[in-house]
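Enquirer: Dropping in my_file.csv, which is CSV, C-alpha atoms (C1' of nucleotides):
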chain,number,residue,atom,x,y,z
A,196,MET,CA,143.0,-35.4,-51.8
A,197,THR,CA,139.3,-36.4,-52.1
A,198,SER,CA,138.0,-37.9,-55.3
A,199,ASP,CA,136.1,-34.7,-56.1
A,200,GLU,CA,139.3,-32.7,-55.7
A,201,SER,CA,141.1,-35.2,-57.8
A,202,ALA,CA,138.5,-34.8,-60.5
A,203,PHE,CA,139.0,-31.1,-60.5
A,204,VAL,CA,142.7,-31.3,-60.6
A,205,GLU,CA,142.6,-33.8,-63.4
A,206,GLU,CA,140.1,-31.7,-65.4
A,207,MET,CA,142.4,-28.7,-65.1
A,208,GLY,CA,145.2,-30.9,-66.3
A,209,GLN,CA,143.4,-31.8,-69.4
A,210,PHE,CA,142.4,-28.3,-70.0
A,211,LEU,CA,145.8,-26.7,-69.8
A,212,ALA,CA,147.2,-29.6,-71.8
A,213,GLY,CA,144.7,-28.7,-74.5
A,214,LEU,CA,146.1,-25.2,-74.4
A,215,GLY,CA,149.6,-26.3,-75.2
A,216,MET,CA,150.9,-26.9,-71.7
A,217,THR,CA,151.3,-30.3,-70.2
A,218,PRO,CA,148.7,-32.2,-68.2
A,219,MET,CA,151.0,-32.0,-65.2
A,220,ALA,CA,151.1,-28.2,-65.4
A,221,GLY,CA,147.3,-28.1,-65.3
A,222,ARG,CA,147.2,-30.6,-62.4
A,223,MET,CA,149.7,-28.6,-60.4
A,224,TRP,CA,148.0,-25.3,-61.0
A,225,GLY,CA,144.6,-26.8,-60.2
A,226,TRP,CA,145.9,-28.3,-57.0
A,227,LEU,CA,147.5,-25.0,-56.0
A,228,LEU,CA,144.1,-23.3,-56.4
A,229,ILE,CA,142.4,-25.5,-53.8
A,230,CYS,CA,145.1,-26.9,-51.5
A,231,GLU,CA,145.6,-26.1,-47.9
A,232,PRO,CA,147.9,-24.5,-47.0
A,233,PRO,CA,148.1,-22.5,-50.2
A,234,GLU,CA,151.9,-22.8,-50.2
A,235,GLN,CA,153.2,-26.2,-51.0
A,236,SER,CA,156.7,-27.6,-51.1
A,237,ALA,CA,157.9,-29.6,-54.1
A,238,THR,CA,157.8,-32.8,-52.0
A,239,GLU,CA,154.3,-32.2,-50.9
A,240,LEU,CA,153.2,-31.5,-54.5
A,241,ALA,CA,154.9,-34.7,-55.7
A,242,GLU,CA,153.0,-36.7,-53.2
A,243,ALA,CA,149.7,-35.0,-53.7
A,244,LEU,CA,149.9,-35.3,-57.5
A,245,GLN,CA,151.6,-38.7,-57.4
A,246,ALA,CA,154.3,-37.4,-59.7
A,247,SER,CA,158.1,-37.7,-59.8
A,248,ARG,CA,160.3,-35.0,-58.4
A,249,GLY,CA,161.6,-34.4,-61.8
A,250,ALA,CA,158.2,-33.7,-63.2
A,251,ILE,CA,157.5,-31.2,-60.4
A,252,SER,CA,160.7,-29.4,-61.1
A,253,GLY,CA,160.2,-29.1,-64.8
A,254,THR,CA,156.6,-28.2,-64.5
A,255,ALA,CA,157.3,-25.5,-61.9
A,256,ARG,CA,159.6,-23.8,-64.3
A,257,ILE,CA,157.0,-23.8,-67.1
A,258,LEU,CA,154.3,-22.4,-64.7
A,259,ALA,CA,156.6,-19.9,-63.2
A,260,SER,CA,157.8,-18.5,-66.5
A,261,ALA,CA,154.1,-18.2,-67.6
A,262,ARG,CA,153.6,-16.4,-64.3
A,263,LEU,CA,150.9,-18.8,-63.2
A,264,ILE,CA,152.6,-19.7,-60.0
A,265,LYS,CA,154.9,-18.0,-57.5
A,266,ARG,CA,158.0,-19.5,-56.0
A,267,THR,CA,158.9,-18.4,-52.5
A,268,THR,CA,161.7,-19.3,-50.2
A,269,ARG,CA,162.0,-18.9,-46.4
A,270,ARG,CA,165.0,-18.0,-44.3
A,271,GLY,CA,166.5,-21.1,-42.7
A,272,ASP,CA,164.5,-23.4,-44.9
A,273,ARG,CA,166.1,-24.9,-48.0
A,274,ARG,CA,162.8,-25.8,-49.4
A,275,GLU,CA,161.0,-23.8,-52.0
A,276,TYR,CA,157.3,-23.2,-51.8
A,277,PHE,CA,154.8,-22.8,-54.6
A,278,SER,CA,151.5,-21.0,-54.7
A,279,ALA,CA,148.9,-19.7,-57.1
A,280,PRO,CA,148.9,-15.9,-56.7
A,281,PRO,CA,146.0,-13.6,-57.7
A,282,GLU,CA,148.1,-12.2,-60.5
A,283,ALA,CA,148.0,-15.6,-62.2
A,284,LEU,CA,144.6,-14.7,-63.5
A,285,ASP,CA,145.9,-11.6,-65.2
A,286,SER,CA,148.7,-13.6,-66.9
A,287,MET,CA,146.2,-16.2,-68.0
A,288,LEU,CA,143.9,-13.6,-69.6
A,289,ALA,CA,146.9,-11.9,-71.2
A,290,SER,CA,148.1,-15.0,-72.9
A,291,ALA,CA,144.5,-15.8,-74.0
A,292,SER,CA,144.4,-12.4,-75.7
A,293,ALA,CA,147.7,-13.1,-77.3
A,294,ILE,CA,146.1,-15.7,-79.4
A,295,TYR,CA,144.2,-13.1,-81.4
A,296,ARG,CA,147.4,-11.2,-82.0
A,297,ARG,CA,149.1,-14.3,-83.2
A,298,LEU,CA,146.3,-14.9,-85.6
A,299,ARG,CA,146.4,-11.4,-87.0
A,300,GLU,CA,150.1,-11.7,-87.5
A,301,ILE,CA,149.7,-15.0,-89.4
A,302,ALA,CA,147.0,-13.4,-91.5
A,303,GLU,CA,149.3,-10.5,-92.3
A,304,ARG,CA,152.1,-12.8,-93.4
A,305,GLY,CA,149.6,-14.6,-95.5
A,306,LEU,CA,148.6,-11.4,-97.2
A,307,ALA,CA,152.2,-10.6,-97.8
A,308,ALA,CA,152.6,-14.0,-99.4
A,309,THR,CA,149.7,-13.4,-101.7
A,310,SER,CA,150.4,-9.9,-102.8
A,311,ASP,CA,150.2,-10.9,-106.4
A,312,HIS,CA,146.8,-12.5,-106.1
A,313,ALA,CA,143.6,-10.9,-107.5
A,314,PRO,CA,141.9,-8.6,-105.0
A,315,SER,CA,138.8,-10.8,-104.9
A,316,ALA,CA,141.0,-13.7,-103.8
A,317,ARG,CA,142.7,-11.7,-101.0
A,318,ALA,CA,139.3,-10.6,-99.6
A,319,ARG,CA,139.0,-13.8,-97.6
A,320,LEU,CA,142.2,-13.1,-95.8
A,321,GLU,CA,141.7,-9.4,-95.4
A,322,GLU,CA,138.5,-9.9,-93.7
A,323,PHE,CA,140.1,-12.4,-91.4
A,324,ARG,CA,142.8,-10.0,-90.6
A,325,ASP,CA,140.3,-7.2,-89.9
A,326,VAL,CA,138.3,-9.3,-87.5
A,327,MET,CA,141.4,-10.3,-85.6
A,328,ARG,CA,142.7,-6.8,-85.5
A,329,PHE,CA,139.4,-5.6,-83.9
A,330,ILE,CA,139.2,-8.4,-81.3
A,331,GLU,CA,142.9,-7.9,-80.5
A,332,VAL,CA,142.1,-4.4,-79.4
A,333,GLU,CA,138.7,-4.7,-77.9
A,334,VAL,CA,139.0,-7.8,-75.8
A,335,PRO,CA,141.9,-6.5,-73.7
A,336,LEU,CA,139.9,-3.3,-73.1
A,337,VAL,CA,137.1,-5.4,-71.7
A,338,ILE,CA,139.4,-7.3,-69.5
A,339,ASP,CA,141.2,-4.2,-68.3
A,340,ARG,CA,137.9,-2.6,-67.4
A,341,PHE,CA,136.9,-5.6,-65.3
A,342,LEU,CA,140.3,-5.9,-63.6
A,343,ARG,CA,140.1,-2.2,-62.7
A,344,ASP,CA,136.5,-2.5,-61.4
A,345,ARG,CA,137.6,-5.5,-59.4
A,346,SER,CA,140.5,-3.7,-57.7
A,347,THR,CA,138.2,-0.8,-56.9
A,348,ARG,CA,135.7,-3.1,-55.3
A,349,LYS,CA,138.5,-4.6,-53.2
A,350,GLU,CA,139.7,-1.3,-51.9
A,351,MET,CA,136.2,-0.4,-50.8
A,352,LYS,CA,136.0,-3.5,-48.7
B,293,MET,CA,152.3,-23.1,-104.1
B,294,THR,CA,155.1,-20.6,-103.6
B,295,SER,CA,157.4,-20.9,-100.6
B,296,ASP,CA,155.7,-17.9,-99.0
B,297,GLU,CA,152.4,-19.5,-99.4
B,298,SER,CA,153.8,-22.7,-98.0
B,299,ALA,CA,155.1,-20.8,-95.0
B,300,PHE,CA,151.7,-19.4,-94.3
B,301,VAL,CA,149.9,-22.7,-94.7
B,302,GLU,CA,152.5,-24.4,-92.4
B,303,GLU,CA,152.1,-21.7,-89.8
B,304,MET,CA,148.4,-22.0,-89.8
B,305,GLY,CA,148.9,-25.7,-89.4
B,306,GLN,CA,151.0,-25.2,-86.3
B,307,PHE,CA,148.5,-22.7,-84.9
B,308,LEU,CA,145.4,-24.8,-85.2
B,309,ALA,CA,147.4,-27.8,-84.0
B,310,GLY,CA,148.2,-25.8,-80.9
B,311,LEU,CA,144.5,-25.2,-80.4
B,312,GLY,CA,143.7,-28.9,-80.3
B,313,MET,CA,143.1,-29.6,-84.0
B,314,THR,CA,145.6,-31.4,-86.2
B,315,PRO,CA,148.4,-29.7,-88.2
B,316,MET,CA,146.7,-30.9,-91.3
B,317,ALA,CA,143.5,-29.2,-90.4
B,318,GLY,CA,145.4,-25.9,-90.1
B,319,ARG,CA,147.2,-26.4,-93.4
B,320,MET,CA,143.9,-27.2,-95.1
B,321,TRP,CA,142.1,-24.2,-93.8
B,322,GLY,CA,145.1,-21.9,-94.4
B,323,TRP,CA,145.3,-23.1,-98.0
B,324,LEU,CA,141.6,-22.7,-98.5
B,325,LEU,CA,142.0,-19.1,-97.4
B,326,ILE,CA,144.4,-18.2,-100.1
B,327,CYS,CA,144.0,-20.7,-103.0
B,328,GLU,CA,142.6,-20.0,-106.4
B,329,PRO,CA,140.0,-21.0,-107.3
B,330,PRO,CA,138.5,-20.8,-103.8
B,331,GLU,CA,136.8,-24.1,-104.2
B,332,GLN,CA,139.1,-27.1,-104.3
B,333,SER,CA,138.5,-30.8,-104.8
B,334,ALA,CA,139.9,-33.4,-102.5
B,335,THR,CA,142.4,-34.5,-105.1
B,336,GLU,CA,143.6,-30.9,-105.6
B,337,LEU,CA,144.0,-30.5,-101.9
B,338,ALA,CA,145.9,-33.7,-101.5
B,339,GLU,CA,148.3,-32.6,-104.2
B,340,ALA,CA,148.7,-29.0,-102.9
B,341,LEU,CA,149.3,-30.2,-99.3
B,342,GLN,CA,151.2,-33.3,-100.3
B,343,ALA,CA,149.0,-35.4,-98.1
B,344,SER,CA,147.2,-38.7,-98.6
B,345,ARG,CA,143.6,-38.8,-99.6
B,346,GLY,CA,142.8,-40.4,-96.3
B,347,ALA,CA,144.1,-37.5,-94.4
B,348,ILE,CA,142.1,-35.1,-96.6
B,349,SER,CA,139.0,-37.1,-96.0
B,350,GLY,CA,139.4,-37.2,-92.2
B,351,THR,CA,140.5,-33.6,-91.9
B,352,ALA,CA,137.6,-32.4,-94.0
B,353,ARG,CA,135.2,-34.0,-91.6
B,354,ILE,CA,136.8,-32.3,-88.6
B,355,LEU,CA,136.8,-28.9,-90.3
B,356,ALA,CA,133.3,-29.2,-91.6
B,357,SER,CA,131.9,-30.3,-88.2
B,358,ALA,CA,133.7,-27.2,-86.7
B,359,ARG,CA,132.0,-25.2,-89.5
B,360,LEU,CA,135.4,-23.9,-90.7
B,361,ILE,CA,134.9,-25.2,-94.2
B,362,LYS,CA,132.0,-25.8,-96.5
B,363,ARG,CA,131.5,-28.9,-98.6
B,364,THR,CA,129.7,-28.4,-101.9
B,365,THR,CA,128.8,-30.7,-104.7
B,366,ARG,CA,127.9,-30.0,-108.3
B,367,ARG,CA,125.4,-31.8,-110.6
B,368,GLY,CA,127.1,-34.2,-112.9
B,369,ASP,CA,130.3,-34.1,-110.9
B,370,ARG,CA,131.1,-36.8,-108.4
B,371,ARG,CA,133.7,-34.8,-106.8
B,372,GLU,CA,133.2,-32.7,-103.7
B,373,TYR,CA,134.5,-29.2,-103.4
B,374,PHE,CA,135.8,-27.5,-100.2
B,375,SER,CA,136.0,-23.9,-99.4
B,376,ALA,CA,136.5,-21.5,-96.5
B,377,PRO,CA,133.3,-19.5,-96.2
B,378,PRO,CA,133.0,-16.2,-94.5
B,379,GLU,CA,130.9,-17.8,-91.7
B,380,ALA,CA,134.1,-19.7,-90.7
B,381,LEU,CA,135.3,-16.6,-88.9
B,382,ASP,CA,132.1,-16.6,-86.7
B,383,SER,CA,132.6,-20.2,-85.9
B,384,MET,CA,136.2,-19.7,-84.9
B,385,LEU,CA,135.4,-16.8,-82.7
B,386,ALA,CA,132.5,-18.7,-81.1
B,387,SER,CA,134.8,-21.6,-80.2
B,388,ALA,CA,137.4,-19.2,-78.9
B,389,SER,CA,134.8,-17.8,-76.5
B,390,ALA,CA,133.8,-21.3,-75.5
B,391,ILE,CA,137.1,-21.6,-73.7
B,392,TYR,CA,136.0,-19.1,-71.1
B,393,ARG,CA,132.8,-21.0,-70.5
B,394,ARG,CA,134.8,-24.2,-70.1
B,395,LEU,CA,137.0,-22.6,-67.5
B,396,ARG,CA,134.1,-21.3,-65.5
B,397,GLU,CA,132.5,-24.7,-65.5
B,398,ILE,CA,135.8,-26.2,-64.3
B,399,ALA,CA,136.0,-23.6,-61.5
B,400,GLU,CA,132.5,-24.3,-60.5
B,401,ARG,CA,133.1,-28.0,-60.2
B,402,GLY,CA,136.2,-27.2,-58.2
B,403,LEU,CA,134.1,-25.0,-55.8
B,404,ALA,CA,131.6,-27.9,-55.4
B,405,ALA,CA,134.5,-30.2,-54.6
B,406,THR,CA,135.8,-27.9,-51.9
B,407,SER,CA,132.6,-26.9,-50.2
B,408,ASP,CA,134.0,-28.0,-46.9
B,409,HIS,CA,137.1,-25.8,-47.1
B,410,ALA,CA,137.6,-22.6,-45.2
B,411,PRO,CA,136.2,-19.5,-47.0
B,412,SER,CA,139.6,-18.0,-47.2
B,413,ALA,CA,140.8,-21.1,-49.0
B,414,ARG,CA,138.0,-21.0,-51.5
B,415,ALA,CA,138.5,-17.3,-52.3
B,416,ARG,CA,141.2,-18.2,-54.8
B,417,LEU,CA,138.8,-20.3,-56.9
B,418,GLU,CA,135.8,-17.9,-56.4
B,419,GLU,CA,137.8,-15.1,-57.8
B,420,PHE,CA,138.8,-17.3,-60.7
B,421,ARG,CA,135.2,-18.2,-61.4
B,422,ASP,CA,134.1,-14.6,-61.2
B,423,VAL,CA,136.6,-13.4,-63.7
B,424,MET,CA,135.7,-16.2,-66.2
B,425,ARG,CA,132.0,-15.5,-65.7
B,426,PHE,CA,132.5,-11.9,-66.6
B,427,ILE,CA,134.7,-12.6,-69.6
B,428,GLU,CA,132.3,-15.3,-70.8
B,429,VAL,CA,129.5,-12.7,-71.0
B,430,GLU,CA,131.4,-9.6,-72.2
B,431,VAL,CA,133.7,-11.0,-74.9
B,432,PRO,CA,130.8,-12.4,-77.0
B,433,LEU,CA,129.1,-9.0,-76.7
B,434,VAL,CA,132.1,-7.3,-78.2
B,435,ILE,CA,132.3,-9.9,-81.0
B,436,ASP,CA,128.6,-9.6,-81.8
B,437,ARG,CA,128.9,-5.8,-81.9
B,438,PHE,CA,131.7,-6.1,-84.4
B,439,LEU,CA,130.0,-8.6,-86.6
B,440,ARG,CA,126.8,-6.6,-86.7
B,441,ASP,CA,128.8,-3.4,-87.6
B,442,ARG,CA,130.5,-5.3,-90.3
B,443,SER,CA,127.4,-6.6,-91.9
B,444,THR,CA,125.9,-3.1,-91.8
B,445,ARG,CA,128.9,-1.8,-93.6
B,446,LYS,CA,128.6,-4.5,-96.2
B,447,GLU,CA,125.0,-3.6,-96.9
B,448,MET,CA,125.9,0.0,-97.4
B,449,LYS,CA,128.4,-0.9,-100.1
C,161,DG,C1',184.9,-30.8,-44.7
C,162,DC,C1',181.3,-33.7,-45.1
C,163,DC,C1',176.8,-35.3,-44.8
C,164,DA,C1',171.8,-34.6,-45.3
C,165,DG,C1',168.2,-32.7,-47.6
C,166,DA,C1',166.7,-30.2,-51.5
C,167,DG,C1',166.7,-29.1,-56.6
C,168,DT,C1',167.9,-30.0,-61.4
C,169,DT,C1',169.0,-32.5,-65.4
C,170,DC,C1',168.5,-35.9,-68.9
C,171,DA,C1',168.6,-40.5,-71.0
C,172,DG,C1',165.1,-43.8,-71.7
C,173,DC,C1',160.4,-45.6,-71.6
C,174,DA,C1',155.8,-45.6,-72.8
C,175,DT,C1',152.1,-43.4,-74.7
C,176,DT,C1',149.7,-40.9,-77.9
C,177,DG,C1',148.0,-39.6,-82.1
C,178,DA,C1',148.7,-37.8,-86.8
C,179,DC,C1',149.3,-39.6,-91.2
C,180,DT,C1',149.7,-43.3,-94.8
C,181,DG,C1',148.0,-46.5,-98.0
C,182,DA,C1',145.5,-50.4,-99.3
C,183,DA,C1',140.9,-52.3,-99.1
C,184,DT,C1',136.2,-51.2,-99.1
C,185,DC,C1',132.1,-48.6,-100.1
C,186,DT,C1',129.5,-45.3,-102.9
C,187,DT,C1',127.8,-43.0,-106.8
C,188,DC,C1',127.6,-41.5,-111.4
C,189,DT,C1',127.9,-42.6,-116.5
C,190,DG,C1',127.6,-45.1,-120.7
D,2,DC,C1',124.3,-53.3,-115.0
D,3,DA,C1',129.1,-53.0,-115.3
D,4,DG,C1',132.8,-50.3,-114.6
D,5,DA,C1',135.3,-46.3,-113.3
D,6,DA,C1',136.2,-42.5,-110.5
D,7,DG,C1',135.7,-40.7,-106.1
D,8,DA,C1',135.3,-40.9,-101.1
D,9,DT,C1',135.8,-43.4,-96.7
D,10,DT,C1',137.7,-46.4,-93.4
D,11,DC,C1',141.0,-48.4,-90.5
D,12,DA,C1',145.0,-51.2,-89.3
D,13,DG,C1',149.8,-50.0,-89.1
D,14,DT,C1',153.8,-46.9,-88.9
D,15,DC,C1',156.4,-43.3,-87.2
D,16,DA,C1',157.5,-39.2,-84.8
D,17,DA,C1',156.6,-36.4,-80.9
D,18,DT,C1',156.6,-35.8,-76.1
D,19,DG,C1',155.3,-36.2,-71.2
D,20,DC,C1',156.9,-38.5,-67.4
D,21,DT,C1',160.1,-41.4,-64.6
D,22,DG,C1',164.0,-42.2,-61.9
D,23,DA,C1',168.8,-42.3,-61.3
D,24,DA,C1',172.8,-39.5,-61.4
D,25,DC,C1',174.4,-35.1,-60.4
D,26,DT,C1',174.7,-30.5,-58.2
D,27,DC,C1',174.0,-27.1,-54.7
D,28,DT,C1',173.3,-25.3,-50.1
D,29,DG,C1',173.6,-25.0,-45.2
D,30,DG,C1',174.5,-27.1,-40.5
D,31,DC,C1',177.5,-29.6,-37.4
Produce structure tokens that represent the structure in this file.

Expert:
Amino acid sequence: MTSDESAFVEEMGQFLAGLGMTPMAGRMWGWLLICEPPEQSATELAEALQASRGAISGTARILASARLIKRTTRRGDRREYFSAPPEALDSMLASASAIYRRLREIAERGLAATSDHAPSARARLEEFRDVMRFIEVEVPLVIDRFLRDRSTRKEMK
Amino acid sequence: MTSDESAFVEEMGQFLAGLGMTPMAGRMWGWLLICEPPEQSATELAEALQASRGAISGTARILASARLIKRTTRRGDRREYFSAPPEALDSMLASASAIYRRLREIAERGLAATSDHAPSARARLEEFRDVMRFIEVEVPLVIDRFLRDRSTRKEMK
DNA sequence: GCCAGAGTTCAGCATTGACTGAATCTTCTG
DNA sequence: CAGAAGATTCAGTCAATGCTGAACTCTGGC
């Protein structure tokens, strides 16, 4: 791995760590986005990322359950191969949108908890809930539109 | 604080903590969204959140610099009062959108780092960059539209 | 059946970082 | 100007947690 590649991998590590995943998850995904060949065995990943086999194993589970990576096996080969499939982007965008839903739900529980407050006091939270409700609906629409456009463009190629 | 209110405050704490802020920042913001009166002194906050004055002081700085809370002072009163202003929502949405920009920038540095790779290998990252570039532009448009509509509705009241 | 190679698990280590609380600084009042 | 009340700072504590590495399990080939 060149130092530029390493910088990219490391930056992705910090980024995904900031989003609640581990640094290793970000490094692994980042590396899988730029490595050649695109499919890597656990041993190869451990060497490239200078991580223990245990870390690779655990991180692969996290990434796979978040649908950010794909695990594939080959006949007559006990090894498992990891790759970053195109669908990973969809999963990432979906979980990004989920943040807005989460916030709306929190706001709604807050409103339930303050049902006895004066209406003027609840206005703060109600506005908050309204904004989240709007974003929660509209942002996925924008994303879907783009993803549809993209697949249309691909077919035309 | 009732137990329902406490649950809301705590949940907001966990949420903002997951977004890179501290649990205390989330608790403080959550409480400021539902407390009465809407303006609270540091001492009141420390008591309500059962936190040290030091934690309130530090957390207030974080929240104020993120424009999530407003600090106000009153003539003839040495105390400072904190509140969650309506503009906080705008700030929150803006920083949410900033995530997409950050990801696009990371992708672009990754592309720069792999300029010598085969085009087929770079396709993964290029698609990634394209998606982020699109979202980065479109999501703020949706948000702006909503915020404008909202302020129009308000004026009509 | 047993060995080699691969994957998983988990106790332990080390690091991180959020919070406390005492000391310090600031500012207003009498 | 002195003193008190409030705000800030920061060294220290404690809990959370990401990673390591060794022990263990699983699978397939000879």

Enquirer: In Å, rounded to a single decimal, give me how far atom CA of B:Gln306 is from atom CA of B:Thr365.

Expert: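 Value for the atom CA of B:Thr365-atom CA of B:Gln306 distance: 29.4 Å.
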
Enquirer: What's around stretch 235-246 of chain A at 7 Å? Count all atoms listed in the file, leave out sequence neighbours fewer than 2 positions away in its own chain, and write the answer as number ranges by chain.

Expert: A: 196, 232-233, 248, 250-251, 274-278

Enquirer: Taking all atoms listed in the file into account, which residues of chain A are within 12 Å of chain D, as a VMD selection string?

Expert: chain A and resid 212 215 to 220 245 to 254 270 to 274

Enquirer: Restricting the calculation to all atoms listed in the file: of C:DG190, C:DG161, C:DG172, C:DG177, which residue gets closest to chain B?

Expert: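 Of C:DG190, C:DG161, C:DG172, C:DG177, the one nearest chain B is C:DG177, counting all atoms listed in the file.
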
Enquirer: Any chance you could tabulate, as JSON lines, the residues of chain C at most 12 Å from chain A with each one's nearest atom pair and distance in Å to one decimal, using all atoms listed in the file, in chain and rising number order?

Expert:
{"residue": "C:DA164", "atom": "C1'", "partner": "A:Arg273", "partner_atom": "CA", "distance": 11.6}
{"residue": "C:DG165", "atom": "C1'", "partner": "A:Arg273", "partner_atom": "CA", "distance": 8.1}
{"residue": "C:DA166", "atom": "C1'", "partner": "A:Arg274", "partner_atom": "CA", "distance": 6.2}
{"residue": "C:DG167", "atom": "C1'", "partner": "A:Ser252", "partner_atom": "CA", "distance": 7.5}
{"residue": "C:DT168", "atom": "C1'", "partner": "A:Ser252", "partner_atom": "CA", "distance": 7.2}
{"residue": "C:DT169", "atom": "C1'", "partner": "A:Gly249", "partner_atom": "CA", "distance": 8.4}
{"residue": "C:DC170", "atom": "C1'", "partner": "A:Gly249", "partner_atom": "CA", "distance": 10.0}

Enquirer: Sort by chain and increasing residue number a table of all residues of chain A within 9 Å of chain B, each with its closest pair of atoms and their distance in Å to one decimal, counting all atoms listed in the file, and write it as a Markdown table.

Expert:
| residue | atom | partner | partner_atom | distance |
| --- | --- | --- | --- | --- |
| A:Thr197 | CA | B:Ala405 | CA | 8.2 |
| A:Ser198 | CA | B:Ala405 | CA | 8.5 |
| A:Asp199 | CA | B:Ala405 | CA | 5.0 |
| A:Glu200 | CA | B:Ala405 | CA | 5.5 |
| A:Ser201 | CA | B:Ala405 | CA | 8.9 |
| A:Ala202 | CA | B:Gly402 | CA | 8.3 |
| A:Phe203 | CA | B:Gly402 | CA | 5.3 |
| A:Val204 | CA | B:Gly402 | CA | 8.1 |
| A:Glu206 | CA | B:Ile398 | CA | 7.1 |
| A:Met207 | CA | B:Ile398 | CA | 7.1 |
| A:Phe210 | CA | B:Leu395 | CA | 8.2 |
| A:Gly213 | CA | B:Gly312 | CA | 5.9 |
| A:Leu214 | CA | B:Leu311 | CA | 6.2 |
| A:Gly215 | CA | B:Gly310 | CA | 5.9 |
| A:Gly225 | CA | B:Gly402 | CA | 8.6 |
| A:Leu228 | CA | B:Arg416 | CA | 6.1 |
| A:Ile229 | CA | B:Arg414 | CA | 6.7 |
| A:Cys230 | CA | B:Ala413 | CA | 7.6 |
| A:Glu231 | CA | B:Ala413 | CA | 7.0 |
| A:Pro232 | CA | B:Ala413 | CA | 8.1 |
| A:Pro233 | CA | B:Ala413 | CA | 7.5 |
| A:Ala279 | CA | B:Arg416 | CA | 8.2 |
| A:Pro280 | CA | B:Arg416 | CA | 8.3 |
| A:Pro281 | CA | B:Arg416 | CA | 7.3 |
| A:Leu284 | CA | B:Phe420 | CA | 6.9 |
| A:Arg297 | CA | B:Phe307 | CA | 8.6 |
| A:Leu298 | CA | B:Phe307 | CA | 8.1 |
| A:Ile301 | CA | B:Phe300 | CA | 6.9 |
| A:Ala302 | CA | B:Phe300 | CA | 8.1 |
| A:Arg304 | CA | B:Phe300 | CA | 6.7 |
| A:Gly305 | CA | B:Phe300 | CA | 5.4 |
| A:Leu306 | CA | B:Ile326 | CA | 8.5 |
| A:Ala307 | CA | B:Asp296 | CA | 8.2 |
| A:Ala308 | CA | B:Asp296 | CA | 5.0 |
| A:Thr309 | CA | B:Glu297 | CA | 7.1 |
| A:His312 | CA | B:Glu328 | CA | 8.6 |
| A:Ala316 | CA | B:Ile326 | CA | 6.7 |
| A:Arg317 | CA | B:Ile326 | CA | 6.8 |
| A:Arg319 | CA | B:Leu325 | CA | 6.1 |
| A:Leu320 | CA | B:Leu325 | CA | 6.2 |
| A:Glu322 | CA | B:Pro378 | CA | 8.4 |
| A:Phe323 | CA | B:Leu381 | CA | 6.9 |
| A:Val326 | CA | B:Phe438 | CA | 8.0 |
| A:Phe329 | CA | B:Phe438 | CA | 7.7 |
| A:Ile330 | CA | B:Ile435 | CA | 7.1 |
| A:Glu333 | CA | B:Val434 | CA | 7.1 |
| A:Val334 | CA | B:Val431 | CA | 6.3 |
| A:Val337 | CA | B:Glu430 | CA | 7.1 |
| A:Ile338 | CA | B:Ile427 | CA | 7.1 |
| A:Phe341 | CA | B:Phe426 | CA | 7.8 |
| A:Leu342 | CA | B:Val423 | CA | 8.4 |

Enquirer: Expressed in Å to a single decimal, how great is the separation between atom CA of B:Ala358 and atom CA of B:Met384?

Expert: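 Result for atom CA of B:Ala358 versus atom CA of B:Met384: 8.1 Å, one decimal.
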
Enquirer: Any idea what the distance is between atom CA of B:Ser443 and atom CA of A:Leu336?

Expert: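 Taking atom CA of B:Ser443 and atom CA of A:Leu336, their separation equals 22.8 Å.
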